[in-house]
Amino acid sequence: MLETDLNTSTMEFLPNNPEPAARLHLVVIDADAAIRSACAEIANSLGFRVQTIAEIAQARSILRGNAADIVLVNLPPTGNQGLELVSEVKLLYPATTLIAMTTSGSVNAAVEAMRCGASDYLTKPFAVDELSTVLERASENHTIDIHSRQLREQLRMSQGLGSMIGRSTEMEKLYRILSKVAQSTHPVLILGESGTGKELVAHTIHAFGPNAQKPFLPVDCGSIVPTLIESELFGYVKGAFTGATRSKDGLLVSAEGGTVFLDEIGELSLDLQAKLLRALQEKEIRPVGATHRVPIKARIVAATNRDLASMVEKGTFRKDLFYRLNVVNLRLPALRERREDIPLLAAHFLDRMSRDTGRKFNLSDEALRTMMLHDWPGNVRELENSIERACALSSGPVLHLGDLPTQLQNQGLEAWRAANAAPVEEAEAKAGIEVTPLVDIEKKAILSAIRTLNGDKLLAAKLLGIGKTTLYRKLKEYGIADPMQEE
Ligand SMILES: Nc1ncnc2c1ncn2[C@@H]1O[C@H](COP(=O)(O)OP(=O)(O)OP(=O)(O)O)[C@@H](O)[C@H]1O
Ligand SMILES: [Mg+2]
């Protein structure tokens, strides 16, 4: 017996099975005791913590003080009480998921309920399956929403998402999609130039997903010969080829619900593309040399720096496989499209070098300025390598322009000349010498660092290699109250 029929009081049901949904608190509101009881029984078996309430007025007062995760409310055929409850709960607790129950024929009521904030509805009479589906869907969406909210919260506090650094608009956009994508198990296609972080993104999707504790298995389709890729992915049976002395599971099988990361998917041969497509469609594979098929349960994340769409046009990449992988695509921005992240990334790699070597490192102003101007064809990897190289070459804690790779130094010098052409020419004209007062260079360096970093004085001081008190003192000496405004 799940419920004693108490029309004016409420009942709580504890779940029998400790499923993940057990954490979710479901409130069922219906004047009909039989419906309350049936809903409670089904929701209970799905693992919800259930509370049933007979009257809307009572539900409103209870829900005012307590946030429920999901509310299943019957909309009586007359009066607006039900709709008012939906609107009020949505206003008080935007994170609560509301589901309306309506009597058959009252489509308008369902539409109205959705307009007031309900996310789903059930038309009475409904089958057990329908209720289960609606509740499971609500629970899944609710969990995804909670997760993305937590990730967004974490993001607000940090310099990026997980191990990914960057707070530019492009990266924020990417994190938003990524935090949602991570929750599902659909294939994901990651596109981006070399060194933009495709593998890191694949890792992050896995790490924030529901199967993070399962394996993450990368396969480099670009550097392994096709026959080896096939036996890697699909496995083989004993005697399938010379040297196959025993059977071996393929990665698609041994992932056991984890992620198989197909790197450089654009390099996959047409023959293997066909086999991969079949595996994705049928969710089973045939190991090399086998006659039987084996079920697979792996999430596929693929990446490429090639233009797959134009490969499809040329016939070198299968259109059907492209569409299947392209359910969600994440296009990673090139570093030159998010220059504002360069100081953050630089500080991150400098910190890492400091931790690894036990030496403290900072960037000189002109080194940072040069890095901000560089186009970074090798993207984040090129930045990472440049900093590692500069740390290895530098004799002191401050990394100067001369410690950076030559192509960066040249670009930096040109930029410096362009920026200083006017004062130099003026001085030359007046005195015939080529000198800019140090204090001007210093002032310019400090202001440009602060502006480049959108007013973040602490980070500017850090990257300039001076203390924050020194930075504040200098600004005071220059008579600059607001570095973002001052000429
Ligand atoms: N947003 C980021 N934050 C911190 N580190 C990053 C970021 N993006 C990339 N990196 C680092 O840059 C390097 C290159 O990244 P990754 O290997 O993921 O790039 P890729 O796109 O797969 O490159 P390729 O196409 O050459 O294989 C790695 O060391 C990675 O940790
Ligand atoms: Mg890569």
# chains A, B, ... in the order shown; residues from 1 in each chain; ligands from 1
$ residues_around --residues "segment 134-143 of chain A" --least-positions-apart "6" --cutoff "8 Å" --atoms "only C-alpha atoms" --output "PyMOL selection string"
chain A and resi 21+24+43+46+69-70+95-97+120-122
$ write_last_selection --atoms "C-alpha atoms" --output "PDB file, in the first residue's frame"
ATOM      1  CA  ALA A  21      16.739   9.721  -9.925  1.00  0.00           C
ATOM      2  CA  LEU A  24      14.822  13.956  -7.388  1.00  0.00           C
ATOM      3  CA  ALA A  43       7.393   7.286  -9.895  1.00  0.00           C
ATOM      4  CA  LEU A  46      11.560   4.858 -11.128  1.00  0.00           C
ATOM      5  CA  ASP A  69      12.545  19.128  -8.568  1.00  0.00           C
ATOM      6  CA  ILE A  70       9.555  18.049 -10.641  1.00  0.00           C
ATOM      7  CA  ALA A  95      14.764  25.271 -12.002  1.00  0.00           C
ATOM      8  CA  THR A  96      11.643  23.235 -11.123  1.00  0.00           C
ATOM      9  CA  THR A  97      10.285  21.157 -14.000  1.00  0.00           C
ATOM     10  CA  ASP A 120       5.554  18.728 -20.832  1.00  0.00           C
ATOM     11  CA  TYR A 121       2.002  17.405 -20.497  1.00  0.00           C
ATOM     12  CA  LEU A 122       0.048  14.185 -20.212  1.00  0.00           C
TER      13      LEU A 122
END
$ residues_around --residues "segment 290-307 of chain A" --least-positions-apart "5" --cutoff "6 Å" --atoms "only C-alpha atoms" --output "PyMOL selection string"
chain A and resi 185+187-193+237+252-253+255-266+283-285
$ residues_around --residues "Arg324 of chain A" --least-positions-apart "6" --cutoff "9 Å" --atoms "only C-alpha atoms" --output "list in words"
Pro187, Leu277, Leu280 and Gln281 of chain A
$ write_last_selection --atoms "N, CA and C atoms" --output "CSV table (one decimal), in the first residue's frame"
chain,number,residue,atom,x,y,z
A,187,PRO,N,27.4,10.9,-31.0
A,187,PRO,CA,28.7,11.2,-31.6
A,187,PRO,C,28.9,12.7,-31.6
A,277,LEU,N,30.8,3.2,-40.3
A,277,LEU,CA,29.4,3.6,-40.4
A,277,LEU,C,28.5,2.5,-40.0
A,280,LEU,N,28.4,2.1,-36.3
A,280,LEU,CA,27.6,3.1,-35.6
A,280,LEU,C,26.1,2.9,-35.8
A,281,GLN,N,25.8,2.4,-37.0
A,281,GLN,CA,24.3,2.2,-37.3
A,281,GLN,C,23.8,1.0,-36.5
$ closest_atom_pairs --of "chain A" --to "ligand 1" --cutoff "6 Å" --atoms "only C-alpha atoms and all ligand atoms" --output "CSV"
residue,atom,partner,partner_atom_place_in_ligand_line,distance
A:Met164,CA,ligand 1,3 (N),3.7
A:Ile165,CA,ligand 1,3 (N),3.7
A:Gly166,CA,ligand 1,1 (N),5.7
A:Glu193,CA,ligand 1,25 (O),5.9
A:Ser194,CA,ligand 1,25 (O),3.3
A:Gly195,CA,ligand 1,23 (O),3.4
A:Thr196,CA,ligand 1,21 (O),4.1
A:Gly197,CA,ligand 1,18 (O),3.1
A:Lys198,CA,ligand 1,21 (O),3.7
A:Glu199,CA,ligand 1,18 (O),3.6
A:Leu200,CA,ligand 1,18 (O),4.0
A:Asn305,CA,ligand 1,25 (O),5.9
A:Val380,CA,ligand 1,12 (O),4.6
A:Arg381,CA,ligand 1,12 (O),4.1
$ select_by_dssp --residues "segment 265-445 of chain A" --states "strand (DSSP E)" --output "list of chain:residue names"
A:Glu284, A:Ile285, A:Val294, A:Pro295, A:Arg299, A:Ile300, A:Val301, A:Ala302, A:Ala303, A:Thr304, A:Val328, A:Asn329, A:Leu330, A:Arg331, A:Asn362, A:Leu363, A:Val398, A:Leu399
$ select_by_dssp --residues "segment 3-216 of chain A" --states "alpha helix (DSSP H)" --output "JSON, numbers by chain"
{"A": [33, 34, 35, 36, 37, 38, 39, 40, 41, 42, 43, 44, 45, 56, 57, 58, 59, 60, 61, 62, 63, 64, 65, 81, 82, 83, 84, 85, 86, 87, 88, 89, 90, 91, 92, 107, 108, 109, 110, 111, 112, 113, 114, 115, 116, 128, 129, 130, 131, 132, 133, 134, 135, 136, 137, 138, 139, 140, 141, 142, 143, 144, 145, 146, 147, 148, 149, 150, 151, 152, 153, 154, 155, 156, 157, 169, 170, 171, 172, 173, 174, 175, 176, 177, 178, 179, 180, 181, 198, 199, 200, 201, 202, 203, 204, 205, 206, 207]}
$ atom_distance --atom1 "atom CA of Arg149 of chain A" --atom2 "atom CA of Thr169 of chain A"
18.0 Å
$ residues_around --residues "Ala113 of chain A" --least-positions-apart "3" --cutoff "12 Å" --atoms "only C-alpha atoms" --output "PyMOL selection string"
chain A and resi 72-76+80-88+90+98-102+106-110+116-122
$ write_last_selection --atoms "C-alpha atoms" --output "short mmCIF file (atom, residue, chain, number, x, y, z; two decimals), in the first residue's frame"
data_model
loop_
_atom_site.label_atom_id
_atom_site.label_comp_id
_atom_site.auth_asym_id
_atom_site.auth_seq_id
_atom_site.Cartn_x
_atom_site.Cartn_y
_atom_site.Cartn_z
CA LEU A 72 3.17 16.82 -11.89
CA VAL A 73 -0.04 18.82 -11.60
CA ASN A 74 -3.54 18.03 -12.79
CA LEU A 75 -5.29 20.98 -14.41
CA PRO A 76 -8.93 20.84 -13.33
CA ASN A 80 -7.45 28.72 -13.37
CA GLN A 81 -6.00 27.40 -10.15
CA GLY A 82 -3.79 24.83 -11.88
CA LEU A 83 -2.32 27.33 -14.34
CA GLU A 84 -1.75 29.84 -11.56
CA LEU A 85 0.19 27.22 -9.65
CA VAL A 86 2.35 26.48 -12.71
CA SER A 87 3.15 30.19 -13.20
CA GLU A 88 3.86 30.77 -9.51
CA LYS A 90 8.05 28.70 -12.28
CA LEU A 98 6.49 21.26 -14.33
CA ILE A 99 4.35 18.69 -16.10
CA ALA A 100 0.63 19.30 -16.62
CA MET A 101 -2.03 16.61 -16.66
CA THR A 102 -5.10 17.50 -18.70
CA SER A 106 -8.69 20.06 -23.51
CA VAL A 107 -5.71 20.71 -25.80
CA ASN A 108 -5.96 24.40 -25.01
CA ALA A 109 -5.26 23.75 -21.35
CA ALA A 110 -2.05 21.92 -22.24
CA CYS A 116 2.89 29.37 -18.23
CA GLY A 117 6.13 27.41 -17.91
CA ALA A 118 5.24 23.70 -17.99
CA SER A 119 7.77 21.67 -19.99
CA ASP A 120 5.55 18.73 -20.83
CA TYR A 121 2.00 17.41 -20.50
CA LEU A 122 0.05 14.18 -20.21
#
$ residues_around --residues "Asp456 of chain A" --least-positions-apart "2" --cutoff "12 Å" --atoms "only C-alpha atoms" --output "PyMOL selection string"
chain A and resi 340+343-344+446-454+458-463+468+471+482-484
$ atom_distance --atom1 "atom CA of Gln51 of chain A" --atom2 "atom CA of Ile29 of chain A"
8.6 Å
$ residues_around --residues "segment 312-323 of chain A" --least-positions-apart "2" --cutoff "9 Å" --atoms "only C-alpha atoms" --output "list in words"
Leu189, Gly266, Glu267, Leu268, Ser269, Leu270, Gln273, Ala274, Leu276, Leu277, Leu280, Asp307, Leu308, Ala309, Ser310, Leu325, Asn326 and Val327 of chain A
